[in-house]
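Q: Below are the C-alpha cells for one structure; questions will follow.
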Amino acid sequence: MRKFYVVGYLAAVLIVPVGLHAQQAGQLPVLKQEAAAEVDKLQALTQQMVDEIFSFSELGFQEYETSRYVTGILEKNAFHVEHGIAGVPTAWVATYGSEKPVIVFITDIDCIPRASQKPGVAYHDPIVEGAPGHGEGHNSGMAVNVTAALVLKRLMDEHHIAGTIKIIPGVAEELLGTKAFYVRAGVFRDVDIVLGAHVESEFSTSYGTGNGEWSGLVSVQYFFHGKAAHAASAPWEGRSALDAVELMDAGWDFRREHLRPAQRSHRVIINGGDQPNVVPSEAAVWYYFRELDYPHIKDLYELGNTMAESAAKMTATTVDHKLVGSAWPPYLNKVIAETQQKNIDAVGMPKWSEADQTLAKALQKELGAKVEGLKEKIEPLSEPAKKPTGGGSDDIGDISWNVPMVYLMYPANIPNLPGHSWANGVAMATPIAHKGSTAGAKVQAMTALDFLLQPQLVQQAWEYFRNVQTKDVHYETFLSPDDRPAVEMNKEKMEKFAPQLKKYYYDPERFKTYLEQLGIPYPTARTKP
Ligand SMILES: [Zn+2]
C-alpha cells in the first residue's frame, strides 16, 4: 500500500507542474503585458537606481556603496543575498525561489577612471575634476535587472510560477577581472539560462559571435626588478628596471608587424621609477593581449612572457608577472536571442522628447561626431559576422561558454560617442538613461517569463549550446590555479576620490532626480544645434 501511495504521489508531483507550465504558457502574452505594466509602475525606482549608482562612481573592485545599495533593495524584497562570492568582496548573488529553471540576470557595475561628468551637460564639465565617472554607462544595468527581477518575483508569487531568479553583478568588468573567477568558483553550476544586459544606444540582441567585433584577452602586469644607484655618480652600479620596460615595449612593437591582423595589444606603464637621479630598481608595465580565440590569445600571452624575460636578460634585471584579468570572446545563444528579439520588437524604442534629442545632437556636435540624435528604430536580429574582426572584450565571454546566454543591448545612451570617456556619461543620469532602462527591464522580464513557462525552450537553448556552440570548441580557463582576483586594484584611487564624490551622492528623499539635485537645466548645451 505504502509503495503505491509513494508512486501515486510522485506521479502527481511530476504531472502537476507540467500541466501548470502548459496552462501558464497559454497565458504568456497576458503575463508579458502584466510584466510590462508592472515595470512601468516601478519607473520612479528605476530612475532612482540609475541616478544613485551614477553618483557613486565606483571603480572596479571598489564598488562597495553600489553593492550595499543594490543588495539592500533586493534584501528588502525577500531576495536572499550571499556576499563576497569567488573571493571578491564586492561580488554577490541575490536569489529568489528554489526551483528549476534557474535564470540569472547579470550586468556590470563599475565605472571608468577620470570620466567624472555632470549629467545633461553637452560638453566636458566634471562633477569632481579627475575623479572616476560612469563613462561607460554601467550605472544603468542594475536598474534594468533589479526592476525586472522585482516584477518577476511579484508575478511568480501571484501566479504560482515555478523557478529561481538570481542577480549577479559584473564587478570590475573594465578590468575583465571577475567572471572567469565566478565560473571557476562554480557560481553558474546549476544555472539554466543567463540574461546579460549592457547599455547601448540601440535596442538589440545577437547570437554566435555577433557582429564579429569581440575579442578575448588576457590582461597581464609585468614587474621588473633592478638595482638602485646614483644615476650620475655611479650608474654602472645600477640596473634599470625601466630600461627593461622600454625594451620590452620596443620589442613588442617590432614584433607587432609579424602578428596576425586580428591581434590587438596595448599597454600602459604603471611604474616608471621615482626620479631621474635614481636608477629605477622597480618598474612595471601592463598589457592587454587580444585575439579571436583561446589558442591565439594563449600564444600572445606566451609571447608577452618571452618578450619580458628577454628584456630582463638584456638589462640584467629580473621579471615576474601577474594575470589581472581574462576573457573568452563571447558566443551567444541563438534560441534565447530569437526569443528575446520578439520581446524587443514588442516593447519598441522609448519615446524620446525634444529635450533628449537636443542633448544628443549637441553632444554629437561638440565631439565632431555625426549629428543624428538618438536612434528611433529597432535593429533586426542579424546573422553573425562571417569573418570576425575582433574589437573590445567583455568577461561575460567566460560565462557564455559555460551556460546558454544572451546579451541584451538596451537603448540608454547617445550614438556615435568615443566610449570609455566623460562623453559617454553625459546621458547616463538623464531621461535618456531612465527611459532606456525601463525599456530594457521590460525585455528582461518578458524573456525570463518565456523560459520560466516553456521548459522545452530551455531544452532547445541547451541543444544549441551543446550541439552547435561547443561541438568543437571546449572551454578552458586562462587562469592558473594560483591566480586570484586582483581585489586591491583601484583602492588608492577610490580612497582619494570617494570623500569628494560623497558630497554629490544622490539623495532621492530630497530630490526627484539627480539633475534636480545638481541644479542642471535639461538639456544644457553650448549652442542650439
Ligand atoms: Zn561595459
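A note on labels: chains of the C-alpha cells are A, B, ... as shown, every chain counts residues from 1, and ligands are counted from 1 in their shown order.
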Compile a residue-level contact table for chain A against ligand 1 at a cut-off of 7 Å, reporting for every qualifying residue the shortest atom pair and its distance in Å to one decimal, with only C-alpha atoms and all ligand atoms counted, rows ordered by chain and ascending number, as a tab-separated table.
A:
```
residue	atom	partner	partner_atom_place_in_ligand_line	distance
A:Asp108	CA	ligand 1	1 (Zn)	6.6
A:Glu136	CA	ligand 1	1 (Zn)	5.9
A:His138	CA	ligand 1	1 (Zn)	6.2
A:Glu173	CA	ligand 1	1 (Zn)	6.7
A:Glu174	CA	ligand 1	1 (Zn)	6.8
A:His198	CA	ligand 1	1 (Zn)	6.4
```
Q: Any chance you can output those residues with all heavy atoms as a PDB file, in the first residue's frame?
A:
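This is the output file out22.pdb:
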```pdb
ATOM      1  N   ASP A 108      27.067  44.794 -15.385  1.00  0.00           N
ATOM      2  CA  ASP A 108      28.250  45.350 -14.732  1.00  0.00           C
ATOM      3  C   ASP A 108      27.908  46.561 -13.863  1.00  0.00           C
ATOM      4  O   ASP A 108      26.887  47.204 -14.061  1.00  0.00           O
ATOM      5  CB  ASP A 108      29.272  45.758 -15.798  1.00  0.00           C
ATOM      6  CG  ASP A 108      29.608  44.583 -16.715  1.00  0.00           C
ATOM      7  OD1 ASP A 108      29.696  43.465 -16.199  1.00  0.00           O
ATOM      8  OD2 ASP A 108      29.771  44.806 -17.929  1.00  0.00           O
ATOM      9  N   GLU A 136      30.856  54.761 -19.169  1.00  0.00           N
ATOM     10  CA  GLU A 136      30.557  53.546 -19.925  1.00  0.00           C
ATOM     11  C   GLU A 136      29.066  53.257 -19.755  1.00  0.00           C
ATOM     12  O   GLU A 136      28.485  52.519 -20.538  1.00  0.00           O
ATOM     13  CB  GLU A 136      31.432  52.381 -19.413  1.00  0.00           C
ATOM     14  CG  GLU A 136      30.983  50.983 -19.792  1.00  0.00           C
ATOM     15  CD  GLU A 136      31.441  50.541 -21.186  1.00  0.00           C
ATOM     16  OE1 GLU A 136      32.104  51.321 -21.883  1.00  0.00           O
ATOM     17  OE2 GLU A 136      31.107  49.399 -21.556  1.00  0.00           O
ATOM     18  N   HIS A 138      27.607  51.870 -17.048  1.00  0.00           N
ATOM     19  CA  HIS A 138      27.304  50.687 -16.236  1.00  0.00           C
ATOM     20  C   HIS A 138      26.358  51.003 -15.069  1.00  0.00           C
ATOM     21  O   HIS A 138      25.854  50.076 -14.438  1.00  0.00           O
ATOM     22  CB  HIS A 138      28.592  50.072 -15.679  1.00  0.00           C
ATOM     23  CG  HIS A 138      29.385  49.307 -16.709  1.00  0.00           C
ATOM     24  ND1 HIS A 138      30.613  48.767 -16.443  1.00  0.00           N
ATOM     25  CD2 HIS A 138      29.119  48.984 -17.986  1.00  0.00           C
ATOM     26  CE1 HIS A 138      31.077  48.146 -17.527  1.00  0.00           C
ATOM     27  NE2 HIS A 138      30.187  48.277 -18.470  1.00  0.00           N
ATOM     28  N   GLU A 173      34.369  44.868 -14.447  1.00  0.00           N
ATOM     29  CA  GLU A 173      34.319  44.426 -15.847  1.00  0.00           C
ATOM     30  C   GLU A 173      35.356  45.159 -16.671  1.00  0.00           C
ATOM     31  O   GLU A 173      35.927  44.598 -17.602  1.00  0.00           O
ATOM     32  CB  GLU A 173      32.919  44.631 -16.441  1.00  0.00           C
ATOM     33  CG  GLU A 173      32.738  44.018 -17.835  1.00  0.00           C
ATOM     34  CD  GLU A 173      33.291  44.865 -18.966  1.00  0.00           C
ATOM     35  OE1 GLU A 173      33.195  46.101 -18.905  1.00  0.00           O
ATOM     36  OE2 GLU A 173      33.847  44.291 -19.921  1.00  0.00           O
ATOM     37  N   GLU A 174      35.598  46.429 -16.338  1.00  0.00           N
ATOM     38  CA  GLU A 174      36.570  47.210 -17.112  1.00  0.00           C
ATOM     39  C   GLU A 174      37.977  46.631 -16.985  1.00  0.00           C
ATOM     40  O   GLU A 174      38.857  46.941 -17.771  1.00  0.00           O
ATOM     41  CB  GLU A 174      36.556  48.679 -16.667  1.00  0.00           C
ATOM     42  CG  GLU A 174      35.226  49.391 -16.939  1.00  0.00           C
ATOM     43  CD  GLU A 174      34.833  49.387 -18.412  1.00  0.00           C
ATOM     44  OE1 GLU A 174      35.700  49.127 -19.258  1.00  0.00           O
ATOM     45  OE2 GLU A 174      33.651  49.631 -18.712  1.00  0.00           O
ATOM     46  N   HIS A 198      23.480  45.146 -21.198  1.00  0.00           N
ATOM     47  CA  HIS A 198      24.516  46.177 -21.289  1.00  0.00           C
ATOM     48  C   HIS A 198      23.965  47.417 -21.973  1.00  0.00           C
ATOM     49  O   HIS A 198      23.219  47.323 -22.935  1.00  0.00           O
ATOM     50  CB  HIS A 198      25.736  45.656 -22.069  1.00  0.00           C
ATOM     51  CG  HIS A 198      26.957  46.497 -21.865  1.00  0.00           C
ATOM     52  ND1 HIS A 198      27.169  47.679 -22.545  1.00  0.00           N
ATOM     53  CD2 HIS A 198      28.026  46.342 -21.048  1.00  0.00           C
ATOM     54  CE1 HIS A 198      28.315  48.208 -22.152  1.00  0.00           C
ATOM     55  NE2 HIS A 198      28.863  47.412 -21.242  1.00  0.00           N
TER      56      HIS A 198
END
```
Q: Considering only C-alpha atoms, give me a table of residues in range 295-365 of chain A that are at most 9 Å from range 469-481 of chain A, with the closest atom pair and distance in Å for each, as a Markdown table.
A:
```
| residue | atom | partner | partner_atom | distance |
| --- | --- | --- | --- | --- |
| A:Lys298 | CA | A:Phe478 | CA | 7.7 |
| A:Leu323 | CA | A:Leu479 | CA | 7.8 |
| A:Gly325 | CA | A:Leu479 | CA | 8.7 |
| A:Ser326 | CA | A:Phe478 | CA | 6.5 |
| A:Ala327 | CA | A:Phe478 | CA | 7.9 |
| A:Trp328 | CA | A:Thr477 | CA | 8.4 |
| A:Tyr331 | CA | A:Gln469 | CA | 7.6 |
| A:Leu332 | CA | A:Gln469 | CA | 8.6 |
| A:Asn333 | CA | A:Gln469 | CA | 8.1 |
```
Q: Looking only at strand (DSSP E or B) from DSSP on the backbone, list the matching residues of range 112-276 of chain A as a PyMOL selection string.
A: chain A and resi 112+121+133+164-170+193-200+204+208+214+216-225+227+230+239+264-271
Q: What separation in Å, quoted to one decimal, exists between CA of Phe224 in chain A and CA of Gln62 in chain A?
A: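 Distance reported for this atom pair: 26.8 Å.
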Q: Considering only C-alpha atoms, give me a table of residues in range 22-49 of chain A that are at most 10 Å from range 337-349 of chain A, with the closest atom pair and distance in Å for each, as a tab-separated table.
A:
```
residue	atom	partner	partner_atom	distance
A:Lys32	CA	A:Asn343	CA	9.0
A:Gln33	CA	A:Val347	CA	9.7
A:Ala36	CA	A:Val347	CA	8.2
```
Q: Which one of A:Asn413, A:Gln444, A:Asn467, A:Ser57 sits closest to Val144 in chain A if you count only C-alpha atoms?
A: A:Gln444
Q: So what do you get for CA of Pro280 in chain A versus CA of Thr315 in chain A, distance-wise?
A: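 Distance reported for this atom pair: 12.0 Å.
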Q: Report as a PDB file with N, CA, C and O atoms, in the first residue's frame all protein, DNA and RNA residues lying within 10 Å of Phe79 in chain A, evaluated on only C-alpha atoms, omitting residues in the same chain fewer than 6 positions from it.
A:
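The result, written out as result34.pdb:
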```pdb
ATOM      1  N   THR A  71      22.042  45.512  -3.006  1.00  0.00           N
ATOM      2  CA  THR A  71      21.655  44.333  -2.216  1.00  0.00           C
ATOM      3  C   THR A  71      20.645  44.735  -1.143  1.00  0.00           C
ATOM      4  O   THR A  71      19.782  43.936  -0.769  1.00  0.00           O
ATOM      5  N   GLY A  72      20.723  45.974  -0.670  1.00  0.00           N
ATOM      6  CA  GLY A  72      19.735  46.482   0.299  1.00  0.00           C
ATOM      7  C   GLY A  72      18.334  46.424  -0.286  1.00  0.00           C
ATOM      8  O   GLY A  72      17.392  45.945   0.370  1.00  0.00           O
ATOM      9  N   ILE A  73      18.201  46.893  -1.524  1.00  0.00           N
ATOM     10  CA  ILE A  73      16.891  46.872  -2.190  1.00  0.00           C
ATOM     11  C   ILE A  73      16.412  45.426  -2.345  1.00  0.00           C
ATOM     12  O   ILE A  73      15.260  45.099  -2.079  1.00  0.00           O
ATOM     13  N   VAL A  93      25.551  37.164  -4.869  1.00  0.00           N
ATOM     14  CA  VAL A  93      24.463  36.541  -5.616  1.00  0.00           C
ATOM     15  C   VAL A  93      23.180  36.771  -4.826  1.00  0.00           C
ATOM     16  O   VAL A  93      23.120  36.451  -3.636  1.00  0.00           O
ATOM     17  N   ALA A  94      22.173  37.337  -5.470  1.00  0.00           N
ATOM     18  CA  ALA A  94      20.864  37.522  -4.835  1.00  0.00           C
ATOM     19  C   ALA A  94      19.914  36.518  -5.467  1.00  0.00           C
ATOM     20  O   ALA A  94      19.841  36.418  -6.692  1.00  0.00           O
ATOM     21  N   THR A  95      19.194  35.755  -4.631  1.00  0.00           N
ATOM     22  CA  THR A  95      18.367  34.656  -5.129  1.00  0.00           C
ATOM     23  C   THR A  95      16.936  34.769  -4.638  1.00  0.00           C
ATOM     24  O   THR A  95      16.694  35.068  -3.472  1.00  0.00           O
ATOM     25  N   TYR A  96      16.008  34.508  -5.543  1.00  0.00           N
ATOM     26  CA  TYR A  96      14.608  34.351  -5.139  1.00  0.00           C
ATOM     27  C   TYR A  96      14.065  33.064  -5.749  1.00  0.00           C
ATOM     28  O   TYR A  96      14.175  32.851  -6.958  1.00  0.00           O
ATOM     29  N   GLY A  97      13.495  32.216  -4.926  1.00  0.00           N
ATOM     30  CA  GLY A  97      12.964  30.944  -5.408  1.00  0.00           C
ATOM     31  C   GLY A  97      13.978  29.831  -5.225  1.00  0.00           C
ATOM     32  O   GLY A  97      15.133  30.088  -4.873  1.00  0.00           O
ATOM     33  N   ALA A 149      13.670  41.885 -12.026  1.00  0.00           N
ATOM     34  CA  ALA A 149      13.607  40.821 -11.012  1.00  0.00           C
ATOM     35  C   ALA A 149      12.479  41.077 -10.011  1.00  0.00           C
ATOM     36  O   ALA A 149      11.793  40.138  -9.590  1.00  0.00           O
ATOM     37  N   LEU A 150      12.293  42.325  -9.619  1.00  0.00           N
ATOM     38  CA  LEU A 150      11.226  42.633  -8.659  1.00  0.00           C
ATOM     39  C   LEU A 150       9.851  42.337  -9.265  1.00  0.00           C
ATOM     40  O   LEU A 150       8.957  41.815  -8.596  1.00  0.00           O
ATOM     41  N   LYS A 153       9.404  38.547  -9.454  1.00  0.00           N
ATOM     42  CA  LYS A 153       9.087  37.996  -8.126  1.00  0.00           C
ATOM     43  C   LYS A 153       7.590  38.144  -7.851  1.00  0.00           C
ATOM     44  O   LYS A 153       6.931  37.217  -7.402  1.00  0.00           O
ATOM     45  N   ILE A 165      15.136  33.029  -9.646  1.00  0.00           N
ATOM     46  CA  ILE A 165      15.745  34.214 -10.260  1.00  0.00           C
ATOM     47  C   ILE A 165      16.979  34.561  -9.451  1.00  0.00           C
ATOM     48  O   ILE A 165      16.923  34.664  -8.224  1.00  0.00           O
ATOM     49  N   LYS A 166      18.099  34.752 -10.151  1.00  0.00           N
ATOM     50  CA  LYS A 166      19.324  35.180  -9.469  1.00  0.00           C
ATOM     51  C   LYS A 166      19.841  36.458 -10.119  1.00  0.00           C
ATOM     52  O   LYS A 166      19.766  36.595 -11.347  1.00  0.00           O
ATOM     53  N   ILE A 167      20.380  37.349  -9.309  1.00  0.00           N
ATOM     54  CA  ILE A 167      21.016  38.559  -9.839  1.00  0.00           C
ATOM     55  C   ILE A 167      22.468  38.552  -9.394  1.00  0.00           C
ATOM     56  O   ILE A 167      22.756  38.308  -8.216  1.00  0.00           O
TER      57      ILE A 167
END
```
Q: I need the residues in range 81-144 of chain A that are helix (DSSP H, G or I) according to DSSP; give them as a PDB file with N, CA, C and O atoms, in the first residue's frame.
A:
```
ATOM      1  N   ILE A  85      31.219  36.511  -3.073  1.00  0.00           N
ATOM      2  CA  ILE A  85      31.407  35.269  -3.837  1.00  0.00           C
ATOM      3  C   ILE A  85      32.737  35.276  -4.591  1.00  0.00           C
ATOM      4  O   ILE A  85      33.257  36.332  -4.937  1.00  0.00           O
ATOM      5  N   ALA A  86      33.280  34.088  -4.844  1.00  0.00           N
ATOM      6  CA  ALA A  86      34.511  33.869  -5.621  1.00  0.00           C
ATOM      7  C   ALA A  86      35.693  34.690  -5.084  1.00  0.00           C
ATOM      8  O   ALA A  86      36.595  35.050  -5.831  1.00  0.00           O
ATOM      9  N   GLY A  87      35.671  35.001  -3.806  1.00  0.00           N
ATOM     10  CA  GLY A  87      36.784  35.742  -3.203  1.00  0.00           C
ATOM     11  C   GLY A  87      36.805  37.216  -3.576  1.00  0.00           C
ATOM     12  O   GLY A  87      37.822  37.882  -3.442  1.00  0.00           O
ATOM     13  N   HIS A 138      27.607  51.870 -17.048  1.00  0.00           N
ATOM     14  CA  HIS A 138      27.304  50.687 -16.236  1.00  0.00           C
ATOM     15  C   HIS A 138      26.358  51.003 -15.069  1.00  0.00           C
ATOM     16  O   HIS A 138      25.854  50.076 -14.438  1.00  0.00           O
ATOM     17  N   ASN A 139      26.133  52.286 -14.794  1.00  0.00           N
ATOM     18  CA  ASN A 139      25.222  52.638 -13.696  1.00  0.00           C
ATOM     19  C   ASN A 139      23.774  52.250 -13.986  1.00  0.00           C
ATOM     20  O   ASN A 139      22.956  52.175 -13.079  1.00  0.00           O
ATOM     21  N   SER A 140      23.442  52.024 -15.261  1.00  0.00           N
ATOM     22  CA  SER A 140      22.045  51.745 -15.606  1.00  0.00           C
ATOM     23  C   SER A 140      21.696  50.251 -15.574  1.00  0.00           C
ATOM     24  O   SER A 140      20.524  49.896 -15.511  1.00  0.00           O
ATOM     25  N   GLY A 141      22.695  49.386 -15.614  1.00  0.00           N
ATOM     26  CA  GLY A 141      22.431  47.946 -15.756  1.00  0.00           C
ATOM     27  C   GLY A 141      21.639  47.349 -14.607  1.00  0.00           C
ATOM     28  O   GLY A 141      20.700  46.573 -14.814  1.00  0.00           O
ATOM     29  N   MET A 142      22.012  47.707 -13.375  1.00  0.00           N
ATOM     30  CA  MET A 142      21.289  47.155 -12.214  1.00  0.00           C
ATOM     31  C   MET A 142      19.861  47.698 -12.160  1.00  0.00           C
ATOM     32  O   MET A 142      18.957  46.999 -11.688  1.00  0.00           O
ATOM     33  N   ALA A 143      19.656  48.913 -12.634  1.00  0.00           N
ATOM     34  CA  ALA A 143      18.287  49.452 -12.688  1.00  0.00           C
ATOM     35  C   ALA A 143      17.442  48.564 -13.600  1.00  0.00           C
ATOM     36  O   ALA A 143      16.283  48.258 -13.296  1.00  0.00           O
ATOM     37  N   VAL A 144      18.019  48.131 -14.711  1.00  0.00           N
ATOM     38  CA  VAL A 144      17.326  47.229 -15.645  1.00  0.00           C
ATOM     39  C   VAL A 144      17.034  45.888 -14.971  1.00  0.00           C
ATOM     40  O   VAL A 144      15.887  45.437 -14.920  1.00  0.00           O
TER      41      VAL A 144
END
```
Q: What's around Tyr69 in chain A at 12 Å? Count only C-alpha atoms, leave out sequence neighbours fewer than 2 positions away in its own chain, and write the answer as a ChimeraX atom specification.
A: /A:48-50,52-53,55-56,63-67,71-76,90,109,142-143,146,505-506
Q: So that I can check the surroundings of range 371-377 of chain A, please list as number ranges by chain every protein, DNA and RNA residue that reaches within 12 Å of it, counting only C-alpha atoms and ignoring chain neighbours fewer than 5 positions away.
A: A: 200-204, 344-345, 347-366, 410-417, 427, 432-433, 436, 529
Q: What does the structure give for the distance between CA of Gly26 in chain A and CA of Phe451 in chain A, in Å to one decimal?
A: 13.2 Å
Q: Within 7 Å of range 243-256 of chain A, counting only C-alpha atoms, which residues qualify if same-chain residues fewer than 4 places away don't, as a list in words?
A: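 Close residues of range 243-256 of chain A: Phe224, Ala283, Ala284, Val285, Met307, Ala308, Ala311, Ala312 and Thr315 of chain A.
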Q: Save the residues we just selected, all heavy atoms, as a tab-separated table (two decimals), in the first residue's frame?
A:
```tsv
chain	number	residue	atom	x	y	z
A	224	PHE	N	59.36	44.43	-13.26
A	224	PHE	CA	60.81	44.26	-13.42
A	224	PHE	C	61.52	44.75	-12.16
A	224	PHE	O	61.13	45.76	-11.57
A	224	PHE	CB	61.30	45.04	-14.63
A	224	PHE	CG	60.83	44.45	-15.94
A	224	PHE	CD1	59.63	44.87	-16.51
A	224	PHE	CD2	61.57	43.47	-16.59
A	224	PHE	CE1	59.18	44.34	-17.71
A	224	PHE	CE2	61.13	42.93	-17.80
A	224	PHE	CZ	59.93	43.36	-18.35
A	283	ALA	N	60.10	48.77	-11.87
A	283	ALA	CA	59.27	49.37	-12.93
A	283	ALA	C	58.27	48.31	-13.37
A	283	ALA	O	58.51	47.11	-13.20
A	283	ALA	CB	60.12	49.82	-14.10
A	284	ALA	N	57.16	48.75	-13.91
A	284	ALA	CA	56.12	47.78	-14.29
A	284	ALA	C	55.33	48.28	-15.49
A	284	ALA	O	55.11	49.49	-15.66
A	284	ALA	CB	55.19	47.52	-13.12
A	285	VAL	N	54.92	47.34	-16.31
A	285	VAL	CA	54.11	47.67	-17.49
A	285	VAL	C	52.94	46.70	-17.54
A	285	VAL	O	53.05	45.54	-17.12
A	285	VAL	CB	54.98	47.61	-18.78
A	285	VAL	CG1	55.59	46.23	-19.00
A	285	VAL	CG2	54.18	48.04	-20.01
A	307	MET	N	58.96	38.02	-24.34
A	307	MET	CA	59.48	39.39	-24.51
A	307	MET	C	59.98	39.93	-23.17
A	307	MET	O	61.03	40.57	-23.09
A	307	MET	CB	58.36	40.31	-25.00
A	307	MET	CG	57.95	40.07	-26.41
A	307	MET	SD	59.07	40.92	-27.51
A	307	MET	CE	58.52	40.21	-29.04
A	308	ALA	N	59.18	39.71	-22.13
A	308	ALA	CA	59.53	40.24	-20.81
A	308	ALA	C	60.83	39.60	-20.30
A	308	ALA	O	61.73	40.29	-19.83
A	308	ALA	CB	58.39	39.98	-19.83
A	311	ALA	N	63.79	40.96	-22.27
A	311	ALA	CA	64.14	42.32	-21.85
A	311	ALA	C	64.87	42.29	-20.51
A	311	ALA	O	65.82	43.04	-20.29
A	311	ALA	CB	62.88	43.17	-21.75
A	312	ALA	N	64.45	41.38	-19.65
A	312	ALA	CA	65.13	41.25	-18.36
A	312	ALA	C	66.57	40.79	-18.56
A	312	ALA	O	67.51	41.31	-17.93
A	312	ALA	CB	64.37	40.26	-17.47
A	315	THR	N	68.93	43.54	-19.72
A	315	THR	CA	69.20	44.62	-18.76
A	315	THR	C	69.71	44.10	-17.42
A	315	THR	O	69.86	44.87	-16.48
A	315	THR	CB	67.89	45.40	-18.50
A	315	THR	OG1	66.85	44.47	-18.19
A	315	THR	CG2	67.48	46.20	-19.73
```
Q: Just want the 8 Å neighbourhood of Gly390 in chain A, counted on only C-alpha atoms, with same-chain residues fewer than 5 positions away dropped. Output as number ranges by chain.
A: A: 212-215, 262-263, 291-292
Q: Ranking A:Val279, A:Val218, A:Ile396, A:Val70 by minimum distance to Leu242 in chain A and counting only C-alpha atoms, which one comes first?
A: A:Val279
Q: Find, counting only C-alpha atoms, the residue in A:Gly419, A:Pro523, A:Gly137, A:Gly273 that gets nearest to Lys227 in chain A.
A: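 Nearest to Lys227 in chain A: A:Gly273.
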Q: Which residue is closest to Lys512 in chain A? Choose from A:Gln24, A:Gln43, A:Ser206, A:Gln500 and count only C-alpha atoms.
A: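 Of all the options, A:Gln43 lies closest to Lys512 in chain A.
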